[in-house]
Amino acid sequence: ETGVTQTPRHLVMGMTNKKSLKCEQHLGHNAMYWYKQSAKKPLELMFVYNFKEQTENNSVPSRFSPECPNSSHLFLHLHTLQPEDSALYLCASTISGSYEQYFGPGTRLTVT
Amino acid sequence: DAKTTQPNSMESNEEEPVHLPCNHSTISGTDYIHWYRQLPSQGPEYVIHGLTSNVNNRMASLAIAEDRKSSTLILHRATLRDAAVYYCILTGNTDKLIFGTGTRLQVFP
């Protein structure tokens, strides 16, 4: 247990669905991240939030929409996804400026 | 971002030391060296980091070459729970972690 929780842990959705992934931490961290881990590919950084402000968007398609309402919560809103978006989506948090990121267990997403 | 090179896989027997190498010949003076590991069905986990001097913590030791072009993560006594993918990552003046393919460590009883 790292103190970073993600829900749901598994999600199956059709290409026309809209769903959201949730990440939560109560570690007092002020930086939060979304990563994508596809089969047989390295983890890819998607988005970075520092003090609730988005500071990095790593050329992610607009069908992925992040939201950070406060320093403890991070969402990833999904709509009209493609089958190739099936992957493990990982959330991480840290104190801004620290090198030690705490990762959640991930949400295994399958797009049918 | 400076690049790292790691072997795809390594094997060890339980209770033996494990030395996981990482080459980073293009490292710059401000790059920190980080190690994370990812156990099966889990998110990555921080292991250790350093800049120039060797570092020890409860999980592992990090040995950094004098020219900083390579480093070695040392697990002093491997256990079955240490079976994971180990990632060597460089960061400069940023908190961004750029993961490579890492080294898959297998530990045999």
# chains A, B, ... in the order shown; residues from 1 in each chain; ligands from 1

call {"tool": "residues_around", "arguments": {"residues": "Pro7 in chain B", "least_positions_apart": "4", "cutoff": "8 Å", "atoms": "only C-alpha atoms", "output": "list in words"}}
result
Pro21, Cys22, Gly102 and Thr103 of chain B

call {"tool": "write_last_selection", "arguments": {"atoms": "N, CA, C and O atoms", "output": "short mmCIF file (atom, residue, chain, number, x, y, z; two decimals), in the first residue's frame"}}
result
data_model
loop_
_atom_site.label_atom_id
_atom_site.label_comp_id
_atom_site.auth_asym_id
_atom_site.auth_seq_id
_atom_site.Cartn_x
_atom_site.Cartn_y
_atom_site.Cartn_z
N PRO B 21 23.13 -3.72 -13.55
CA PRO B 21 23.89 -2.61 -14.15
C PRO B 21 23.03 -1.66 -14.96
O PRO B 21 21.97 -2.03 -15.47
N CYS B 22 23.53 -0.45 -15.09
CA CYS B 22 22.88 0.56 -15.92
C CYS B 22 23.97 1.45 -16.52
O CYS B 22 24.82 1.96 -15.81
N GLY B 102 13.67 -1.40 -18.86
CA GLY B 102 14.12 -1.99 -17.61
C GLY B 102 14.73 -3.37 -17.73
O GLY B 102 14.90 -3.93 -18.82
N THR B 103 15.10 -3.93 -16.57
CA THR B 103 15.65 -5.28 -16.46
C THR B 103 14.68 -6.14 -15.68
O THR B 103 14.32 -5.79 -14.55
#

call {"tool": "select_by_dssp", "arguments": {"residues": "chain A", "states": "strand (DSSP E or B)", "output": "VMD selection string"}}
result
chain A and resid 4 to 7 10 to 13 18 to 25 31 to 37 44 to 50 53 to 57 64 to 70 73 to 79 87 to 94 102 to 103 107 to 111

call {"tool": "closest_atom_pairs", "arguments": {"of": "chain A", "to": "chain B", "cutoff": "8 Å", "atoms": "only C-alpha atoms", "output": "tab-separated table"}}
result
residue	atom	partner	partner_atom	distance
A:Lys41	CA	B:Thr101	CA	7.1
A:Pro42	CA	B:Thr101	CA	5.3
A:Leu43	CA	B:Phe99	CA	5.7
A:Glu44	CA	B:Phe99	CA	7.1
A:Leu45	CA	B:Ile98	CA	7.2
A:Leu90	CA	B:Gly43	CA	6.8
A:Ser96	CA	B:Asp95	CA	7.8
A:Gly97	CA	B:Asp95	CA	6.2
A:Ser98	CA	B:Asp95	CA	6.9
A:Tyr99	CA	B:Asp95	CA	6.0
A:Glu100	CA	B:Tyr46	CA	6.1
A:Gln101	CA	B:Tyr46	CA	6.7
A:Tyr102	CA	B:Glu45	CA	6.8
A:Phe103	CA	B:Gly43	CA	5.4
A:Gly104	CA	B:Gly43	CA	5.8
A:Pro105	CA	B:Gly43	CA	4.8
A:Gly106	CA	B:Gly43	CA	6.3

call {"tool": "write_last_selection", "arguments": {"atoms": "N, CA and C atoms", "output": "PDB file, in the first residue's frame"}}
result
ATOM      1  N   LYS A  41       5.359  -2.182 -23.832  1.00  0.00           N
ATOM      2  CA  LYS A  41       5.894  -0.835 -24.057  1.00  0.00           C
ATOM      3  C   LYS A  41       6.234  -0.217 -22.718  1.00  0.00           C
ATOM      4  N   PRO A  42       7.204   0.688 -22.689  1.00  0.00           N
ATOM      5  CA  PRO A  42       7.529   1.359 -21.423  1.00  0.00           C
ATOM      6  C   PRO A  42       6.388   2.247 -20.945  1.00  0.00           C
ATOM      7  N   LEU A  43       6.401   2.555 -19.660  1.00  0.00           N
ATOM      8  CA  LEU A  43       5.439   3.523 -19.139  1.00  0.00           C
ATOM      9  C   LEU A  43       5.609   4.852 -19.867  1.00  0.00           C
ATOM     10  N   GLU A  44       4.470   5.455 -20.199  1.00  0.00           N
ATOM     11  CA  GLU A  44       4.497   6.759 -20.859  1.00  0.00           C
ATOM     12  C   GLU A  44       3.833   7.787 -19.954  1.00  0.00           C
ATOM     13  N   LEU A  45       4.530   8.891 -19.713  1.00  0.00           N
ATOM     14  CA  LEU A  45       3.930   9.976 -18.955  1.00  0.00           C
ATOM     15  C   LEU A  45       2.870  10.648 -19.818  1.00  0.00           C
ATOM     16  N   LEU A  90      -1.835   4.344 -14.768  1.00  0.00           N
ATOM     17  CA  LEU A  90      -1.252   4.494 -13.438  1.00  0.00           C
ATOM     18  C   LEU A  90      -1.262   5.946 -13.017  1.00  0.00           C
ATOM     19  N   SER A  96       5.977  18.296  -4.751  1.00  0.00           N
ATOM     20  CA  SER A  96       6.578  18.983  -5.888  1.00  0.00           C
ATOM     21  C   SER A  96       8.061  19.234  -5.633  1.00  0.00           C
ATOM     22  N   GLY A  97       8.896  18.811  -6.587  1.00  0.00           N
ATOM     23  CA  GLY A  97      10.338  18.958  -6.433  1.00  0.00           C
ATOM     24  C   GLY A  97      11.026  17.725  -5.901  1.00  0.00           C
ATOM     25  N   SER A  98      10.244  16.775  -5.374  1.00  0.00           N
ATOM     26  CA  SER A  98      10.819  15.531  -4.867  1.00  0.00           C
ATOM     27  C   SER A  98      11.002  14.542  -6.009  1.00  0.00           C
ATOM     28  N   TYR A  99      11.936  13.624  -5.836  1.00  0.00           N
ATOM     29  CA  TYR A  99      12.167  12.615  -6.866  1.00  0.00           C
ATOM     30  C   TYR A  99      11.456  11.302  -6.574  1.00  0.00           C
ATOM     31  N   GLU A 100      10.849  11.178  -5.410  1.00  0.00           N
ATOM     32  CA  GLU A 100      10.225   9.919  -5.040  1.00  0.00           C
ATOM     33  C   GLU A 100       8.735   9.974  -5.320  1.00  0.00           C
ATOM     34  N   GLN A 101       8.326   9.339  -6.396  1.00  0.00           N
ATOM     35  CA  GLN A 101       6.917   9.291  -6.746  1.00  0.00           C
ATOM     36  C   GLN A 101       6.289   8.037  -6.167  1.00  0.00           C
ATOM     37  N   TYR A 102       5.062   8.187  -5.690  1.00  0.00           N
ATOM     38  CA  TYR A 102       4.300   7.086  -5.142  1.00  0.00           C
ATOM     39  C   TYR A 102       3.219   6.724  -6.167  1.00  0.00           C
ATOM     40  N   PHE A 103       3.240   5.477  -6.589  1.00  0.00           N
ATOM     41  CA  PHE A 103       2.306   5.019  -7.618  1.00  0.00           C
ATOM     42  C   PHE A 103       1.138   4.265  -7.006  1.00  0.00           C
ATOM     43  N   GLY A 104      -0.025   4.439  -7.636  1.00  0.00           N
ATOM     44  CA  GLY A 104      -1.164   3.611  -7.309  1.00  0.00           C
ATOM     45  C   GLY A 104      -1.058   2.270  -8.015  1.00  0.00           C
ATOM     46  N   PRO A 105      -2.030   1.376  -7.774  1.00  0.00           N
ATOM     47  CA  PRO A 105      -1.985   0.036  -8.378  1.00  0.00           C
ATOM     48  C   PRO A 105      -2.404   0.014  -9.839  1.00  0.00           C
ATOM     49  N   GLY A 106      -3.024   1.109 -10.293  1.00  0.00           N
ATOM     50  CA  GLY A 106      -3.418   1.175 -11.700  1.00  0.00           C
ATOM     51  C   GLY A 106      -4.856   0.751 -11.948  1.00  0.00           C
TER      52      GLY A 106
END

call {"tool": "atom_distance", "arguments": {"atom1": "CA of Ser12 in chain B", "atom2": "CA of Leu90 in chain B"}}
result
25.4 Å

call {"tool": "residues_around", "arguments": {"residues": "Thr16 in chain A", "least_positions_apart": "5", "cutoff": "12 Å", "atoms": "only C-alpha atoms", "output": "PyMOL selection string"}}
result
chain A and resi 63+78-83+111-112

call {"tool": "write_last_selection", "arguments": {"atoms": "C-alpha atoms", "output": "PDB file, in the first residue's frame"}}
result
ATOM      1  CA  ARG A  63     -10.239  11.838 -25.984  1.00  0.00           C
ATOM      2  CA  LEU A  78     -12.407   9.021 -21.175  1.00  0.00           C
ATOM      3  CA  HIS A  79     -14.644   9.315 -24.248  1.00  0.00           C
ATOM      4  CA  THR A  80     -14.733   7.719 -27.687  1.00  0.00           C
ATOM      5  CA  LEU A  81     -11.667   5.641 -26.994  1.00  0.00           C
ATOM      6  CA  GLN A  82     -10.063   3.241 -29.454  1.00  0.00           C
ATOM      7  CA  PRO A  83      -9.101  -0.393 -28.853  1.00  0.00           C
ATOM      8  CA  VAL A 111     -11.736  -0.891 -24.884  1.00  0.00           C
ATOM      9  CA  THR A 112     -13.964  -3.130 -26.971  1.00  0.00           C
TER      10      THR A 112
END

call {"tool": "closest_residue", "arguments": {"among": "A:Ser86, A:Ala92, A:Lys40, A:Asn50", "to": "Gly14 in chain A", "atoms": "only C-alpha atoms"}}
result
A:Ser86

call {"tool": "atom_distance", "arguments": {"atom1": "CA of Asn30 in chain A", "atom2": "CA of Asn57 in chain B"}}
result
25.0 Å

call {"tool": "residues_around", "arguments": {"residues": "range 73-83 of chain B", "least_positions_apart": "4", "cutoff": "7 Å", "atoms": "only C-alpha atoms", "output": "number ranges by chain"}}
result
B: 14-21, 39, 60-63, 105-108

call {"tool": "residues_around", "arguments": {"residues": "Leu88 in chain A", "least_positions_apart": "6", "cutoff": "7 Å", "atoms": "only C-alpha atoms", "output": "PyMOL selection string"}}
result
chain A and resi 36-38+106-109

call {"tool": "write_last_selection", "arguments": {"atoms": "C-alpha atoms", "output": "PDB file, in the first residue's frame"}}
result
ATOM      1  CA  LYS A  36      -0.057   4.816 -19.482  1.00  0.00           C
ATOM      2  CA  GLN A  37       1.479   1.340 -19.645  1.00  0.00           C
ATOM      3  CA  SER A  38       0.640  -0.599 -22.790  1.00  0.00           C
ATOM      4  CA  GLY A 106      -3.418   1.175 -11.700  1.00  0.00           C
ATOM      5  CA  THR A 107      -6.664   0.733 -13.600  1.00  0.00           C
ATOM      6  CA  ARG A 108      -6.651  -2.016 -16.213  1.00  0.00           C
ATOM      7  CA  LEU A 109      -8.693  -0.590 -19.094  1.00  0.00           C
TER       8      LEU A 109
END

call {"tool": "atom_distance", "arguments": {"atom1": "CA of Pro40 in chain B", "atom2": "CA of Thr94 in chain A"}}
result
22.3 Å

call {"tool": "residues_around", "arguments": {"residues": "Leu27 in chain A", "least_positions_apart": "3", "cutoff": "9 Å", "atoms": "only C-alpha atoms", "output": "short mmCIF file (atom, residue, chain, number, x, y, z; two decimals) with all heavy atoms, in the first residue's frame"}}
result
data_model
loop_
_atom_site.label_atom_id
_atom_site.label_comp_id
_atom_site.auth_asym_id
_atom_site.auth_seq_id
_atom_site.Cartn_x
_atom_site.Cartn_y
_atom_site.Cartn_z
N GLY A 3 -0.47 4.40 -0.37
CA GLY A 3 -1.24 5.57 0.00
C GLY A 3 -1.90 6.24 -1.19
O GLY A 3 -2.60 7.23 -1.03
N VAL A 4 -1.68 5.71 -2.37
CA VAL A 4 -2.32 6.22 -3.58
C VAL A 4 -3.33 5.16 -4.03
O VAL A 4 -2.93 4.02 -4.29
CB VAL A 4 -1.31 6.50 -4.70
CG1 VAL A 4 -2.01 7.02 -5.95
CG2 VAL A 4 -0.26 7.50 -4.22
N ASN A 30 1.49 17.41 -3.52
CA ASN A 30 0.90 18.48 -4.33
C ASN A 30 1.20 18.33 -5.82
O ASN A 30 0.88 19.22 -6.60
CB ASN A 30 1.37 19.85 -3.83
CG ASN A 30 2.87 19.88 -3.61
OD1 ASN A 30 3.62 19.27 -4.37
ND2 ASN A 30 3.29 20.58 -2.59
N SER A 72 -5.57 16.45 -3.74
CA SER A 72 -5.71 15.06 -3.31
C SER A 72 -6.36 14.18 -4.36
O SER A 72 -6.35 12.95 -4.22
CB SER A 72 -6.54 14.98 -2.03
OG SER A 72 -5.90 15.68 -0.99
N SER A 93 1.86 10.27 -7.28
CA SER A 93 1.90 11.57 -6.62
C SER A 93 3.22 11.75 -5.91
O SER A 93 3.95 10.79 -5.64
CB SER A 93 0.74 11.71 -5.62
OG SER A 93 0.95 10.89 -4.48
N THR A 94 3.55 13.02 -5.64
CA THR A 94 4.76 13.33 -4.90
C THR A 94 4.66 14.75 -4.37
O THR A 94 3.73 15.48 -4.71
CB THR A 94 6.01 13.19 -5.81
OG1 THR A 94 7.19 13.26 -5.00
CG2 THR A 94 6.06 14.29 -6.86
N ILE A 95 5.61 15.12 -3.54
CA ILE A 95 5.74 16.52 -3.16
C ILE A 95 6.51 17.20 -4.28
O ILE A 95 7.55 16.70 -4.72
CB ILE A 95 6.49 16.64 -1.83
CG1 ILE A 95 5.64 16.05 -0.70
CG2 ILE A 95 6.83 18.11 -1.53
CD1 ILE A 95 6.34 16.01 0.64
#

call {"tool": "decode", "arguments": {"residues": "range 19-37 of chain B", "atoms": "N, CA and C atoms", "output": "PDB file, in the first residue's frame"}}
result
ATOM      1  N   HIS B  19      23.537  -7.771  -8.689  1.00  0.00           N
ATOM      2  CA  HIS B  19      24.076  -6.502  -9.171  1.00  0.00           C
ATOM      3  C   HIS B  19      23.416  -6.165 -10.505  1.00  0.00           C
ATOM      4  N   LEU B  20      22.593  -5.153 -10.517  1.00  0.00           N
ATOM      5  CA  LEU B  20      21.865  -4.762 -11.725  1.00  0.00           C
ATOM      6  C   LEU B  20      22.568  -3.556 -12.339  1.00  0.00           C
ATOM      7  N   PRO B  21      23.126  -3.719 -13.554  1.00  0.00           N
ATOM      8  CA  PRO B  21      23.895  -2.612 -14.152  1.00  0.00           C
ATOM      9  C   PRO B  21      23.032  -1.662 -14.962  1.00  0.00           C
ATOM     10  N   CYS B  22      23.533  -0.447 -15.087  1.00  0.00           N
ATOM     11  CA  CYS B  22      22.879   0.564 -15.919  1.00  0.00           C
ATOM     12  C   CYS B  22      23.966   1.447 -16.525  1.00  0.00           C
ATOM     13  N   ASN B  23      23.927   1.581 -17.844  1.00  0.00           N
ATOM     14  CA  ASN B  23      24.863   2.474 -18.519  1.00  0.00           C
ATOM     15  C   ASN B  23      24.164   3.768 -18.900  1.00  0.00           C
ATOM     16  N   HIS B  24      24.837   4.866 -18.646  1.00  0.00           N
ATOM     17  CA  HIS B  24      24.282   6.184 -18.991  1.00  0.00           C
ATOM     18  C   HIS B  24      25.437   7.087 -19.390  1.00  0.00           C
ATOM     19  N   SER B  25      26.012   6.776 -20.546  1.00  0.00           N
ATOM     20  CA  SER B  25      27.237   7.452 -20.970  1.00  0.00           C
ATOM     21  C   SER B  25      27.025   8.921 -21.330  1.00  0.00           C
ATOM     22  N   THR B  26      25.771   9.319 -21.598  1.00  0.00           N
ATOM     23  CA  THR B  26      25.510  10.719 -21.965  1.00  0.00           C
ATOM     24  C   THR B  26      24.978  11.533 -20.795  1.00  0.00           C
ATOM     25  N   ILE B  27      25.166  11.040 -19.591  1.00  0.00           N
ATOM     26  CA  ILE B  27      24.664  11.725 -18.399  1.00  0.00           C
ATOM     27  C   ILE B  27      25.289  13.111 -18.284  1.00  0.00           C
ATOM     28  N   SER B  28      24.481  14.081 -17.844  1.00  0.00           N
ATOM     29  CA  SER B  28      25.013  15.422 -17.640  1.00  0.00           C
ATOM     30  C   SER B  28      25.258  15.639 -16.150  1.00  0.00           C
ATOM     31  N   GLY B  29      25.952  16.726 -15.839  1.00  0.00           N
ATOM     32  CA  GLY B  29      26.365  16.970 -14.468  1.00  0.00           C
ATOM     33  C   GLY B  29      25.229  17.130 -13.478  1.00  0.00           C
ATOM     34  N   THR B  30      24.046  17.518 -13.970  1.00  0.00           N
ATOM     35  CA  THR B  30      22.926  17.767 -13.054  1.00  0.00           C
ATOM     36  C   THR B  30      21.926  16.607 -13.022  1.00  0.00           C
ATOM     37  N   ASP B  31      22.184  15.543 -13.782  1.00  0.00           N
ATOM     38  CA  ASP B  31      21.258  14.402 -13.814  1.00  0.00           C
ATOM     39  C   ASP B  31      21.391  13.565 -12.555  1.00  0.00           C
ATOM     40  N   TYR B  32      20.259  13.319 -11.902  1.00  0.00           N
ATOM     41  CA  TYR B  32      20.214  12.336 -10.831  1.00  0.00           C
ATOM     42  C   TYR B  32      19.936  10.954 -11.428  1.00  0.00           C
ATOM     43  N   ILE B  33      20.408   9.926 -10.749  1.00  0.00           N
ATOM     44  CA  ILE B  33      20.179   8.538 -11.149  1.00  0.00           C
ATOM     45  C   ILE B  33      19.154   7.945 -10.193  1.00  0.00           C
ATOM     46  N   HIS B  34      18.056   7.453 -10.762  1.00  0.00           N
ATOM     47  CA  HIS B  34      16.977   6.894  -9.953  1.00  0.00           C
ATOM     48  C   HIS B  34      16.782   5.435 -10.317  1.00  0.00           C
ATOM     49  N   TRP B  35      16.352   4.663  -9.351  1.00  0.00           N
ATOM     50  CA  TRP B  35      15.934   3.288  -9.599  1.00  0.00           C
ATOM     51  C   TRP B  35      14.517   3.097  -9.041  1.00  0.00           C
ATOM     52  N   TYR B  36      13.687   2.557  -9.877  1.00  0.00           N
ATOM     53  CA  TYR B  36      12.356   2.132  -9.490  1.00  0.00           C
ATOM     54  C   TYR B  36      12.226   0.654  -9.846  1.00  0.00           C
ATOM     55  N   ARG B  37      11.276  -0.017  -9.216  1.00  0.00           N
ATOM     56  CA  ARG B  37      10.972  -1.379  -9.615  1.00  0.00           C
ATOM     57  C   ARG B  37       9.470  -1.555  -9.682  1.00  0.00           C
TER      58      ARG B  37
END
